[in-house]
Every structure is written in C-alpha cells, then in structure tokens.
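A.B. asks: The structure under discussion is supplied below as structure tokens; questions concerning it will follow.
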Amino acid sequence: MNNKYITAFAPASIGNVAVGFDMLGLAIKGAGDRVSVRKVNEEGIFIKEIYDQAGNPHKDLSKKSDENTASIAAEALWGAEGGQGGIEMLIHKGIPLQSGMGSSAASAVAGAVAVNALLDQPLSTEKLMKYALEGEKYASGGIHADNVAPSLFGGMVFCPPSYLPKTTSVEVPKSISSVLVHPDLIVNTAESRNGLANNYSMSQWLDQQSYLAGFLLGLQKLDLNLIKNSMHDVIIEPQRSGSVGCFDEIKKATMNKGALGCSLSGSGPSIFALCENHIAVEIKTIMMEIFDSHNIDSQGWVSPLNASGAYVET
Ligand code: HSE
C-alpha cells in the first residue's frame, strides 16, 4: 500500500460577487485550506488532526468524519467511485471559520481533490463538483455552489443551483483585481440564510436581473462604466450589511477612491471590492484602516480575477 500523504490545496472564495446570490463566485489568491490524505487498511474516513491557521490543533472543529465538510466530501467520492480500504486525513485550515470566505467549501473541495488523487483512475475536475457539494451542503444547510465552484475551478464561475453540478466559467479581464478584507468578526452562514426574507417586489427582481446581466456583459466587454453601474445588490446586501457596523463607511470610502463596486463576501463579515489593478493595494489599506479605527483587526488579500482553483501539491 502506498502510504505517503497526498496534499490538495483549495482557495478561499467570494460568494455572490454582489449581483449573483448563490450563483456567482470568485476565487481568491493567497488564502486556502489544505487536506492531506493517505490510504489505510481499515474501512472508513478518519480525521487524524485538524490544524488552525497557526498550526495548532483546531479548538472549534469536530474530528468526527460525519461532521466535517472535507471528510463528508471525501467519503461521498470514495464510496461512490469504488475506493478500496480507508483513508486517514489531516486538515489544515488556512481560512478563518464563519468568515464569508468559503471556508467550509474550501475544505470540501480540498477533501475531494485529495481523495480523487488516491483513486486508481482519478475523475475529471468537473466530476468532483457533486462530491464537494455534499460537504458544503452539510455546512450551510442548502445547495449553493458559489464557493465550491470557484474554489474547485478557479476564477469566476456562474453556477445557478438549477444547473448544478454543471457550471460555467466567466471570462474575466486582467486589468481588474479583487480586494477582500476579513474583519475579526463571525457570521454563521446557515443562520444568515435562514434570516433572509422570502418575498421580494417586482421592481427588486427586475433591478437584480439587470444588475447580474449588466455585470457579466460589462466584464465581457471590459466596459468599466457598465460594471460599476451594475455592481449593486438591492436584495441581499441590505438585509445583511448591519452585521458589520462600519460596512457603509467602508463602501463609501472604497467607491470614493474609484472602486467599481463593494459588497459583502458571501454572508459576510468579510467585505470585498473590485477595482482596477493600480488602486487595489490602496483600496485594501483604506478598508483595513477603517476596521482598525473601529478597533477591529483585519486581514486583506488582493487577487487577480483569474486566481487558480484547487490543485494537488504533492
Ligand atoms: N451564497 C451564499 C450566501 C454564500 O450568501 O448565503 C455563503 O458564503
């Protein structure tokens, strides 16, 4: 039996990208989770250890294999694809929990990608979607792929729930960056989703449709005005932005500096902006300084829109 660990990395991601609730996601560069796996004789998936960002055993995550998105995704794949024997797993959480950065999705993706590499005939990346989604379903209580899909494929991905597991990558311009800032706050995605209203007006629905279409067309044509005029969320953001006290202040400051748009990343509390590359570092600094002025520590990342998806490292 080959007993070496195989490690997969899966990046963090921005869910919704303001205009595409549950159907548009964007990978980011520099933050992600790692899952290492090796075969063992005993049947089953065994989480040996989960490490936090500092490399210490994680205090907040269960090592039960039916309570972790990485092992749930791995088990679904291994069971369905005829894996023989069992798997021992190490999980390295590079993404803070309940951060709005797709932490549970990245673990699920890294789990699926790592275990796939142990199969005699590994599946194509497309075929891993449904298994990674099994893990994400456990964490968020619903089927949405706007974190799983960009974490798996990289870049920006259009992934409406009704098309799944099929998804479509969006061609993105090189001249635009994403800026993601994570404040030291937490928001539980499942609770945040449960708190959303069920009924919306015709005018909200029309606006949101036009914004999603305009945003995607703006990216395709590299029409900065169209992107900027379209990067609005009239439905979800107003219901959630109160969870970050200085959200309005940050949004106003980034837009004044020339950002194309600014919104919550997923269910928050992380906030992201899109902007032309040359002002990205300045926008990140502005966002972090505002958090700092409210005595909230934060971490920030600047990424190209075509950041890489998950891959096997060793
Ligand atoms: N689309 C999901 C939501 C993403 O907004 O609830 C969660 O990160």
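Labeling convention for the structure tokens: chains A, B, ... as they appear, residues from 1 per chain, ligands from 1 in order of appearance.
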Do you know which residues are within 7 Å of ligand 1 using only C-alpha atoms and all ligand atoms? Can you write them as JSON, numbers by chain?

C.D. replies: {"A": [15, 16, 21, 22, 100, 101, 102, 144, 146, 147, 189, 192, 193, 265, 266, 267]}

A.B. asks: Can you build me a table of region 254-311 of chain A residues sitting at most 12 Å from region 162-172 of chain A, with the closest atom pair per residue and its distance in Å to one decimal, using only C-alpha atoms, sorted by chain and residue number, as JSON lines?

C.D. replies:
{"residue": "A:Leu274", "atom": "CA", "partner": "A:Val172", "partner_atom": "CA", "distance": 11.9}
{"residue": "A:Pro304", "atom": "CA", "partner": "A:Val172", "partner_atom": "CA", "distance": 9.2}
{"residue": "A:Leu305", "atom": "CA", "partner": "A:Val172", "partner_atom": "CA", "distance": 6.2}
{"residue": "A:Asn306", "atom": "CA", "partner": "A:Val172", "partner_atom": "CA", "distance": 6.7}
{"residue": "A:Ala307", "atom": "CA", "partner": "A:Val172", "partner_atom": "CA", "distance": 10.4}
{"residue": "A:Gly309", "atom": "CA", "partner": "A:Ser169", "partner_atom": "CA", "distance": 11.5}

A.B. asks: Would you write out those residues with N, CA, C and O atoms, as a PDB file, in the first residue's frame?

C.D. replies:
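Written output follows (again_32.pdb):
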ATOM      1  N   LEU A 274     -14.172  45.306  -6.076  1.00  0.00           N
ATOM      2  CA  LEU A 274     -13.474  45.112  -7.352  1.00  0.00           C
ATOM      3  C   LEU A 274     -12.987  46.479  -7.795  1.00  0.00           C
ATOM      4  O   LEU A 274     -13.688  47.483  -7.609  1.00  0.00           O
ATOM      5  N   PRO A 304      -5.855  38.627  -8.563  1.00  0.00           N
ATOM      6  CA  PRO A 304      -6.350  38.762  -9.935  1.00  0.00           C
ATOM      7  C   PRO A 304      -7.707  38.055 -10.019  1.00  0.00           C
ATOM      8  O   PRO A 304      -7.999  37.194  -9.191  1.00  0.00           O
ATOM      9  N   LEU A 305      -8.520  38.400 -11.001  1.00  0.00           N
ATOM     10  CA  LEU A 305      -9.828  37.747 -11.099  1.00  0.00           C
ATOM     11  C   LEU A 305      -9.701  36.295 -11.581  1.00  0.00           C
ATOM     12  O   LEU A 305     -10.655  35.531 -11.476  1.00  0.00           O
ATOM     13  N   ASN A 306      -8.532  35.944 -12.131  1.00  0.00           N
ATOM     14  CA  ASN A 306      -8.377  34.560 -12.617  1.00  0.00           C
ATOM     15  C   ASN A 306      -7.513  33.720 -11.672  1.00  0.00           C
ATOM     16  O   ASN A 306      -6.748  32.867 -12.110  1.00  0.00           O
ATOM     17  N   ALA A 307      -7.676  33.941 -10.360  1.00  0.00           N
ATOM     18  CA  ALA A 307      -6.892  33.172  -9.379  1.00  0.00           C
ATOM     19  C   ALA A 307      -7.106  31.665  -9.592  1.00  0.00           C
ATOM     20  O   ALA A 307      -8.186  31.227  -9.995  1.00  0.00           O
ATOM     21  N   GLY A 309      -7.657  27.643  -9.152  1.00  0.00           N
ATOM     22  CA  GLY A 309      -8.526  26.767  -8.373  1.00  0.00           C
ATOM     23  C   GLY A 309      -7.698  25.722  -7.630  1.00  0.00           C
ATOM     24  O   GLY A 309      -6.469  25.833  -7.533  1.00  0.00           O
TER      25      GLY A 309
END

A.B. asks: At what distance in Å, to one decimal, does CA of Phe158 (chain A) lie from CA of Val181 (chain A)?

C.D. replies: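 Between these atoms lies a distance of 22.7 Å.
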
A.B. asks: Using only C-alpha atoms, pick whichever of A:Ile271, A:Val281, A:Ile87, A:Leu260 has the shortest atom-to-atom distance to Val244 (chain A).

C.D. replies: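 Between A:Ile271, A:Val281, A:Ile87, A:Leu260, the residue approaching Val244 (chain A) most closely is A:Ile271.
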
A.B. asks: Go through region 232-273 of chain A and collect every residue that DSSP, computed from the backbone, puts in strand (DSSP E); the answer should be as number ranges by chain.

C.D. replies: A: 261-264, 271-273
